[in-house]
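The next block is my_file15.cif, given as mmCIF, C-alpha atoms.
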data_input
loop_
_atom_site.group_PDB
_atom_site.id
_atom_site.type_symbol
_atom_site.label_atom_id
_atom_site.label_comp_id
_atom_site.auth_asym_id
_atom_site.auth_seq_id
_atom_site.Cartn_x
_atom_site.Cartn_y
_atom_site.Cartn_z
ATOM 1 C CA MET Q 1 -22.685 27.511 15.670
ATOM 2 C CA THR Q 2 -22.678 28.080 11.916
ATOM 3 C CA GLY Q 3 -19.663 28.156 9.666
ATOM 4 C CA GLY Q 4 -18.028 31.176 8.128
ATOM 5 C CA PRO Q 5 -19.147 32.783 4.876
ATOM 6 C CA GLU Q 6 -17.970 31.820 1.409
ATOM 7 C CA PRO Q 7 -16.487 34.577 -0.768
ATOM 8 C CA GLY Q 8 -19.980 35.255 -2.126
ATOM 9 C CA GLY Q 9 -21.338 35.829 1.377
ATOM 10 C CA ALA Q 10 -23.310 32.586 1.909
ATOM 11 C CA ALA Q 11 -22.854 30.950 5.318
ATOM 12 C CA LEU Q 12 -21.500 27.400 5.434
ATOM 13 C CA GLY Q 13 -22.758 24.618 7.700
ATOM 14 C CA PRO Q 14 -22.087 20.923 8.367
ATOM 15 C CA ASP Q 15 -23.927 19.828 5.217
ATOM 16 C CA ASP Q 16 -21.387 21.774 3.146
ATOM 17 C CA VAL Q 17 -18.419 19.828 4.548
ATOM 18 C CA ARG Q 18 -17.655 17.729 1.495
ATOM 19 C CA ASP Q 19 -14.482 17.902 -0.573
ATOM 20 C CA ARG Q 20 -15.090 19.005 -4.146
ATOM 21 C CA PRO Q 21 -13.018 19.363 -7.320
ATOM 22 C CA GLU Q 22 -11.464 22.788 -7.940
ATOM 23 C CA ARG Q 23 -8.612 23.921 -10.170
ATOM 24 C CA TRP Q 24 -7.110 27.403 -10.108
ATOM 25 C CA GLU Q 25 -5.489 28.771 -13.249
ATOM 26 C CA VAL Q 26 -1.964 27.527 -13.972
ATOM 27 C CA VAL Q 27 -0.060 29.986 -16.150
ATOM 28 C CA GLY Q 28 3.142 27.957 -16.441
ATOM 29 C CA SER Q 29 4.537 24.550 -15.471
ATOM 30 C CA GLY Q 30 7.801 22.610 -15.719
ATOM 31 C CA VAL Q 31 9.290 19.318 -14.507
ATOM 32 C CA GLU Q 32 11.986 19.800 -11.843
ATOM 33 C CA PHE Q 33 12.784 16.152 -11.035
ATOM 34 C CA GLU Q 34 12.031 12.734 -12.528
ATOM 35 C CA GLY Q 35 12.421 9.704 -10.257
ATOM 36 C CA HIS Q 36 11.667 5.995 -10.282
ATOM 37 C CA VAL Q 37 8.284 6.315 -8.547
ATOM 38 C CA PHE Q 38 7.375 9.990 -8.718
ATOM 39 C CA ARG Q 39 8.335 13.255 -10.358
ATOM 40 C CA VAL Q 40 8.198 16.857 -9.187
ATOM 41 C CA ARG Q 41 6.783 19.677 -11.270
ATOM 42 C CA ARG Q 42 6.706 23.400 -10.498
ATOM 43 C CA ASP Q 43 3.469 25.229 -11.285
ATOM 44 C CA ARG Q 44 2.889 28.964 -11.483
ATOM 45 C CA VAL Q 45 -0.643 29.460 -10.147
ATOM 46 C CA ARG Q 46 -2.857 32.528 -10.158
ATOM 47 C CA MET Q 47 -3.931 33.005 -6.515
ATOM 48 C CA PRO Q 48 -5.802 35.646 -4.494
ATOM 49 C CA ASN Q 49 -3.967 38.158 -2.331
ATOM 50 C CA GLY Q 50 -6.408 40.486 -0.643
ATOM 51 C CA ASP Q 51 -8.358 42.350 -3.317
ATOM 52 C CA ARG Q 52 -6.009 41.387 -6.129
ATOM 53 C CA MET Q 53 -4.499 38.311 -7.778
ATOM 54 C CA GLU Q 54 -0.845 37.295 -7.948
ATOM 55 C CA ILE Q 55 1.236 34.461 -9.404
ATOM 56 C CA ALA Q 56 2.598 31.992 -6.812
ATOM 57 C CA GLN Q 57 4.910 29.016 -7.320
ATOM 58 C CA ARG Q 58 3.841 25.593 -6.050
ATOM 59 C CA ASP Q 59 5.880 22.377 -6.264
ATOM 60 C CA VAL Q 60 3.773 19.262 -6.881
ATOM 61 C CA ILE Q 61 4.890 15.659 -6.375
ATOM 62 C CA GLU Q 62 3.176 13.614 -9.071
ATOM 63 C CA HIS Q 63 2.501 10.201 -7.526
ATOM 64 C CA PRO Q 64 0.796 7.147 -9.081
ATOM 65 C CA GLY Q 65 -1.293 6.566 -5.960
ATOM 66 C CA SER Q 66 -1.567 3.555 -3.695
ATOM 67 C CA VAL Q 67 -3.891 1.251 -1.779
ATOM 68 C CA GLY Q 68 -3.842 -0.172 1.726
ATOM 69 C CA VAL Q 69 -5.585 -3.112 3.378
ATOM 70 C CA ILE Q 70 -6.821 -3.462 6.940
ATOM 71 C CA ALA Q 71 -7.307 -7.197 7.433
ATOM 72 C CA LEU Q 72 -9.623 -8.034 10.344
ATOM 73 C CA ASP Q 73 -9.984 -11.643 11.484
ATOM 74 C CA ASP Q 74 -12.839 -13.369 13.316
ATOM 75 C CA ALA Q 75 -11.199 -12.605 16.676
ATOM 76 C CA ASP Q 76 -11.247 -8.828 15.961
ATOM 77 C CA ARG Q 77 -7.504 -8.688 15.369
ATOM 78 C CA VAL Q 78 -5.820 -6.580 12.686
ATOM 79 C CA LEU Q 79 -2.852 -7.741 10.656
ATOM 80 C CA LEU Q 80 0.254 -5.554 10.823
ATOM 81 C CA LEU Q 81 3.647 -6.127 9.255
ATOM 82 C CA ARG Q 82 6.978 -4.458 9.940
ATOM 83 C CA GLN Q 83 8.933 -2.776 7.150
ATOM 84 C CA TYR Q 84 12.040 -0.602 6.972
ATOM 85 C CA ARG Q 85 11.336 2.906 5.656
ATOM 86 C CA HIS Q 86 14.493 4.696 4.635
ATOM 87 C CA PRO Q 87 13.176 8.297 4.365
ATOM 88 C CA VAL Q 88 12.161 8.333 8.048
ATOM 89 C CA GLY Q 89 14.890 5.995 9.304
ATOM 90 C CA ARG Q 90 12.504 3.643 11.096
ATOM 91 C CA LEU Q 91 11.116 0.141 11.182
ATOM 92 C CA LEU Q 92 7.380 0.863 10.919
ATOM 93 C CA TRP Q 93 4.414 -1.347 11.664
ATOM 94 C CA GLU Q 94 2.135 -1.018 8.662
ATOM 95 C CA ALA Q 95 -0.880 -2.491 6.926
ATOM 96 C CA PRO Q 96 -0.313 -4.300 3.620
ATOM 97 C CA ALA Q 97 -0.105 -1.650 0.903
ATOM 98 C CA GLY Q 98 1.217 -1.017 -2.566
ATOM 99 C CA LEU Q 99 1.566 1.367 -5.472
ATOM 100 C CA ARG Q 100 -0.923 1.647 -8.302
ATOM 101 C CA ASP Q 101 1.733 0.453 -10.713
ATOM 102 C CA VAL Q 102 -0.347 -1.666 -13.143
ATOM 103 C CA PRO Q 103 -2.288 0.565 -15.573
ATOM 104 C CA GLY Q 104 -5.992 -0.191 -15.583
ATOM 105 C CA GLU Q 105 -5.881 -2.625 -12.661
ATOM 106 C CA PRO Q 106 -9.002 -2.250 -10.470
ATOM 107 C CA LEU Q 107 -8.038 -0.954 -7.046
ATOM 108 C CA HIS Q 108 -9.611 -3.859 -5.176
ATOM 109 C CA LYS Q 109 -7.658 -6.325 -7.321
ATOM 110 C CA LEU Q 110 -4.452 -4.490 -6.422
ATOM 111 C CA ALA Q 111 -5.464 -4.687 -2.763
ATOM 112 C CA GLU Q 112 -6.077 -8.433 -3.077
ATOM 113 C CA ARG Q 113 -2.637 -8.849 -4.630
ATOM 114 C CA GLU Q 114 -0.889 -6.851 -1.920
ATOM 115 C CA LEU Q 115 -2.616 -8.769 0.885
ATOM 116 C CA LEU Q 116 -1.528 -12.043 -0.694
ATOM 117 C CA GLU Q 117 2.039 -11.052 -1.602
ATOM 118 C CA GLU Q 118 2.935 -9.127 1.545
ATOM 119 C CA ALA Q 119 0.997 -11.039 4.195
ATOM 120 C CA GLY Q 120 0.042 -14.397 2.669
ATOM 121 C CA TYR Q 121 -3.737 -14.115 3.048
ATOM 122 C CA ARG Q 122 -6.836 -14.030 0.879
ATOM 123 C CA ALA Q 123 -10.151 -12.482 1.932
ATOM 124 C CA ALA Q 124 -13.670 -13.453 0.931
ATOM 125 C CA ARG Q 125 -15.313 -10.187 2.054
ATOM 126 C CA TRP Q 126 -14.115 -6.738 0.989
ATOM 127 C CA HIS Q 127 -15.350 -3.180 1.540
ATOM 128 C CA THR Q 128 -14.035 0.300 0.876
ATOM 129 C CA LEU Q 129 -13.004 1.799 4.204
ATOM 130 C CA ALA Q 130 -11.588 5.278 3.470
ATOM 131 C CA ASP Q 131 -10.155 7.510 0.727
ATOM 132 C CA VAL Q 132 -7.276 9.760 1.705
ATOM 133 C CA LEU Q 133 -5.069 12.474 0.194
ATOM 134 C CA PRO Q 134 -2.140 12.007 2.599
ATOM 135 C CA SER Q 135 0.014 15.003 1.616
ATOM 136 C CA SER Q 136 -2.325 17.305 -0.266
ATOM 137 C CA GLY Q 137 -0.129 20.345 0.305
ATOM 138 C CA MET Q 138 2.642 18.875 -1.832
ATOM 139 C CA SER Q 139 1.469 15.703 -3.596
ATOM 140 C CA ASP Q 140 -1.429 14.470 -5.733
ATOM 141 C CA GLU Q 141 -1.168 10.952 -4.238
ATOM 142 C CA ARG Q 142 -4.500 9.235 -3.628
ATOM 143 C CA VAL Q 143 -4.829 6.322 -1.202
ATOM 144 C CA ARG Q 144 -7.795 3.996 -0.961
ATOM 145 C CA ILE Q 145 -7.928 1.870 2.191
ATOM 146 C CA PHE Q 146 -9.906 -1.374 2.082
ATOM 147 C CA LEU Q 147 -11.307 -3.570 4.835
ATOM 148 C CA ALA Q 148 -10.720 -7.293 4.257
ATOM 149 C CA ARG Q 149 -12.538 -9.974 6.285
ATOM 150 C CA ASP Q 150 -13.228 -13.723 6.151
ATOM 151 C CA LEU Q 151 -9.521 -14.429 5.804
ATOM 152 C CA THR Q 152 -7.721 -17.569 4.675
ATOM 153 C CA GLU Q 153 -3.982 -18.121 5.008
ATOM 154 C CA VAL Q 154 -2.241 -19.189 1.796
ATOM 155 C CA PRO Q 155 0.751 -21.585 1.906
ATOM 156 C CA ALA Q 156 4.007 -19.840 0.979
ATOM 157 C CA GLU Q 157 4.660 -22.234 -1.913
ATOM 158 C CA GLU Q 158 1.445 -21.048 -3.582
ATOM 159 C CA ILE Q 159 2.520 -17.390 -3.623
ATOM 160 C CA ASP Q 160 4.422 -16.376 -6.749
ATOM 161 C CA PHE Q 161 6.240 -13.349 -5.336
ATOM 162 C CA GLU Q 162 9.858 -12.740 -4.367
ATOM 163 C CA ARG Q 163 10.449 -10.324 -1.494
ATOM 164 C CA VAL Q 164 13.536 -8.146 -1.919
ATOM 165 C CA HIS Q 165 14.976 -4.935 -0.442
ATOM 166 C CA GLU Q 166 12.540 -3.410 2.098
ATOM 167 C CA GLU Q 167 10.211 -6.392 1.674
ATOM 168 C CA ALA Q 168 12.870 -9.044 2.336
ATOM 169 C CA ASP Q 169 12.022 -9.345 6.040
ATOM 170 C CA MET Q 170 8.474 -8.349 6.979
ATOM 171 C CA PRO Q 171 7.271 -10.175 10.103
ATOM 172 C CA VAL Q 172 3.494 -10.331 10.514
ATOM 173 C CA VAL Q 173 1.690 -9.875 13.855
ATOM 174 C CA TRP Q 174 -2.019 -10.047 14.644
ATOM 175 C CA VAL Q 175 -2.982 -7.291 17.099
ATOM 176 C CA PRO Q 176 -6.353 -7.065 18.900
ATOM 177 C CA LEU Q 177 -8.208 -4.106 17.428
ATOM 178 C CA ASP Q 178 -8.646 -2.274 20.726
ATOM 179 C CA GLU Q 179 -4.933 -2.712 21.476
ATOM 180 C CA ALA Q 180 -4.076 -1.412 18.008
ATOM 181 C CA VAL Q 181 -6.197 1.687 18.700
ATOM 182 C CA ARG Q 182 -4.334 2.210 21.960
ATOM 183 C CA LYS Q 183 -1.017 1.943 20.113
ATOM 184 C CA VAL Q 184 -2.096 4.619 17.622
ATOM 185 C CA PHE Q 185 -3.006 7.051 20.423
ATOM 186 C CA ALA Q 186 0.187 6.183 22.318
ATOM 187 C CA GLY Q 187 2.353 7.078 19.314
ATOM 188 C CA GLU Q 188 3.554 3.506 18.888
ATOM 189 C CA ILE Q 189 2.190 3.227 15.324
ATOM 190 C CA HIS Q 190 3.040 6.060 12.911
ATOM 191 C CA ASN Q 191 2.198 4.792 9.424
ATOM 192 C CA MET Q 192 -0.687 6.791 7.954
ATOM 193 C CA ILE Q 193 -2.558 3.900 6.335
ATOM 194 C CA ALA Q 194 -2.272 1.731 9.439
ATOM 195 C CA SER Q 195 -3.208 4.522 11.857
ATOM 196 C CA LEU Q 196 -6.176 5.830 9.904
ATOM 197 C CA GLY Q 197 -7.326 2.349 8.932
ATOM 198 C CA ILE Q 198 -7.250 1.078 12.512
ATOM 199 C CA LEU Q 199 -9.288 4.029 13.781
ATOM 200 C CA ALA Q 200 -11.711 3.742 10.858
ATOM 201 C CA VAL Q 201 -12.296 0.037 11.506
ATOM 202 C CA ARG Q 202 -12.920 0.748 15.183
ATOM 203 C CA ALA Q 203 -15.525 3.361 14.214
ATOM 204 C CA ALA Q 204 -17.056 1.063 11.584
ATOM 205 C CA ARG Q 205 -17.337 -1.785 14.079
ATOM 206 C CA ALA Q 206 -19.144 0.491 16.542
ATOM 207 C CA ARG Q 207 -21.785 1.085 13.845
ATOM 208 C CA GLY Q 208 -22.072 -2.600 12.962
ATOM 209 C CA PHE Q 209 -20.144 -2.070 9.702
ATOM 210 C CA ARG Q 210 -23.395 -0.865 8.091
ATOM 211 C CA ASP Q 211 -22.032 2.375 6.577
ATOM 212 C CA LEU Q 212 -19.200 0.843 4.553
ATOM 213 C CA ARG Q 213 -19.077 1.439 0.807
ATOM 214 C CA PRO Q 214 -18.846 -1.448 -1.662
ATOM 215 C CA VAL Q 215 -15.392 -2.626 -2.682
ATOM 216 C CA ASP Q 216 -15.722 -1.065 -6.161
ATOM 217 C CA ALA Q 217 -17.115 2.293 -5.013
ATOM 218 C CA PRO Q 218 -16.007 5.071 -7.400
ATOM 219 C CA GLU Q 219 -13.293 7.495 -6.372
ATOM 220 C CA ASP Q 220 -14.593 11.080 -6.334
#
As a first step, turn the structure in this file into structure tokens.
Amino acid sequence: MTGGPEPGGAALGPDDVRDRPERWEVVGSGVEFEGHVFRVRRDRVRMPNGDRMEIAQRDVIEHPGSVGVIALDDADRVLLLRQYRHPVGRLLWEAPAGLRDVPGEPLHKLAERELLEEAGYRAARWHTLADVLPSSGMSDERVRIFLARDLTEVPAEEIDFERVHEEADMPVVWVPLDEAVRKVFAGEIHNMIASLGILAVRAARARGFRDLRPVDAPED
């Protein structure tokens, strides 16, 4: 079965399934909210409506972006930590993750820092696992998920990081990868980075990890 036609009439197929940059005309924009981590702007965008164009309003959450780390040990276990998330009113099991809050910091260096500060581990082998736009209908947030292997635990006294607020109590559990996959499908794990990362690692393992991108692969 082939795909549907593009506006110009050309049929689309599997080889065309690749996200690409596109920007429709913005005729006006203004900031509606400014917060500690993100701000919200309202754009007036020229959009199609049948055989004509019209101006539609779209609210955009401007987000600095983030990274996540799926740490996989030699026993095929993934590292998960529990953290309180106020917006959803839950204690969630998550992968180590953090905001892109240091200008110019390479993403893999941020990932290394988050794995060390949140979980207390260093990794000798890193790959890019997945790139995600988690809420593309409302936010410009970009998330890169890394795979970290060849892990070494770091003594707490060697970690220069103070955990406060949501990070004050984050227990760490190693979960067998196949059990983690089951938990995702059973609705026991809800965090996007953890869920997607776990499933991606399972798929990567099935292919012998041969399709993974290098740790410093460019973001498209």
Using the chain letters and residue numbers of this document, give as a short mmCIF file (atom, residue, chain, number, x, y, z; two decimals) with C-alpha atoms, keeping the file's coordinate frame the residues selected by the PyMOL selection byres ((chain Q and resi 181-190) around 10).
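What ended up in selection_12.cif:
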data_model
loop_
_atom_site.label_atom_id
_atom_site.label_comp_id
_atom_site.auth_asym_id
_atom_site.auth_seq_id
_atom_site.Cartn_x
_atom_site.Cartn_y
_atom_site.Cartn_z
CA ARG Q 90 12.50 3.64 11.10
CA LEU Q 92 7.38 0.86 10.92
CA TRP Q 93 4.41 -1.35 11.66
CA GLU Q 94 2.13 -1.02 8.66
CA VAL Q 175 -2.98 -7.29 17.10
CA PRO Q 176 -6.35 -7.06 18.90
CA LEU Q 177 -8.21 -4.11 17.43
CA ASP Q 178 -8.65 -2.27 20.73
CA GLU Q 179 -4.93 -2.71 21.48
CA ALA Q 180 -4.08 -1.41 18.01
CA ASN Q 191 2.20 4.79 9.42
CA MET Q 192 -0.69 6.79 7.95
CA ILE Q 193 -2.56 3.90 6.34
CA ALA Q 194 -2.27 1.73 9.44
CA SER Q 195 -3.21 4.52 11.86
CA LEU Q 196 -6.18 5.83 9.90
CA GLY Q 197 -7.33 2.35 8.93
CA ILE Q 198 -7.25 1.08 12.51
CA LEU Q 199 -9.29 4.03 13.78
CA ALA Q 200 -11.71 3.74 10.86
CA VAL Q 201 -12.30 0.04 11.51
CA ARG Q 202 -12.92 0.75 15.18
#
I need the residue set behind the PyMOL selection byres ((chain Q and resi 209) around 12) for this file; please write it as a short mmCIF file (atom, residue, chain, number, x, y, z; two decimals) with C-alpha atoms, in the frame of the given file.
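Listing of out_31.cif after writing:
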data_model
loop_
_atom_site.label_atom_id
_atom_site.label_comp_id
_atom_site.auth_asym_id
_atom_site.auth_seq_id
_atom_site.Cartn_x
_atom_site.Cartn_y
_atom_site.Cartn_z
CA TRP Q 126 -14.12 -6.74 0.99
CA HIS Q 127 -15.35 -3.18 1.54
CA THR Q 128 -14.04 0.30 0.88
CA LEU Q 129 -13.00 1.80 4.20
CA LEU Q 147 -11.31 -3.57 4.84
CA ARG Q 149 -12.54 -9.97 6.28
CA ALA Q 200 -11.71 3.74 10.86
CA VAL Q 201 -12.30 0.04 11.51
CA ARG Q 202 -12.92 0.75 15.18
CA ALA Q 203 -15.52 3.36 14.21
CA ALA Q 204 -17.06 1.06 11.58
CA ARG Q 205 -17.34 -1.78 14.08
CA ALA Q 206 -19.14 0.49 16.54
CA ARG Q 207 -21.78 1.08 13.84
CA GLY Q 208 -22.07 -2.60 12.96
CA ARG Q 210 -23.40 -0.86 8.09
CA ASP Q 211 -22.03 2.38 6.58
CA LEU Q 212 -19.20 0.84 4.55
CA ARG Q 213 -19.08 1.44 0.81
CA PRO Q 214 -18.85 -1.45 -1.66
#
Determine, for each residue of range 41-120 of chain Q having at least one atom at most 12 Å from an atom of range 13-23 of chain Q, the closest pair of atoms and their separation in Å to one decimal, counting all atoms listed in the file; order by chain and ascending number, as a tab-separated table.
residue	atom	partner	partner_atom	distance
Q:Val45	CA	Q:Arg23	CA	9.7
Q:Arg46	CA	Q:Arg23	CA	10.4
Q:Met47	CA	Q:Arg23	CA	10.9
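Closest to Arg125 in chain Q among Q:Val60, Q:Ala148, Q:Met53, Q:Ala217 is Q:Ala148, based on all atoms listed in the file.
Separating CA of Ala130 in chain Q from CA of Val143 in chain Q is a distance of 8.3 Å.
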Using all atoms listed in the file, the residue out of Q:Glu118, Q:Glu34, Q:Glu112, Q:Asp76 with shortest distance to Pro96 in chain Q is Q:Glu118
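Once Ser135 in chain Q and its same-chain neighbours fewer than 5 positions away are set aside, Val60, Ile61, Glu62, His63, Gly65, Asp140, Glu141, Arg142, Val143 and Met192 of chain Q remain within 12 Å of it when counting all atoms listed in the file.
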Judged by all atoms listed in the file, the minimum distance to Glu105 in chain Q among Q:Ile159, Q:Leu80, Q:Val67, Q:Val154 is found for Q:Val67
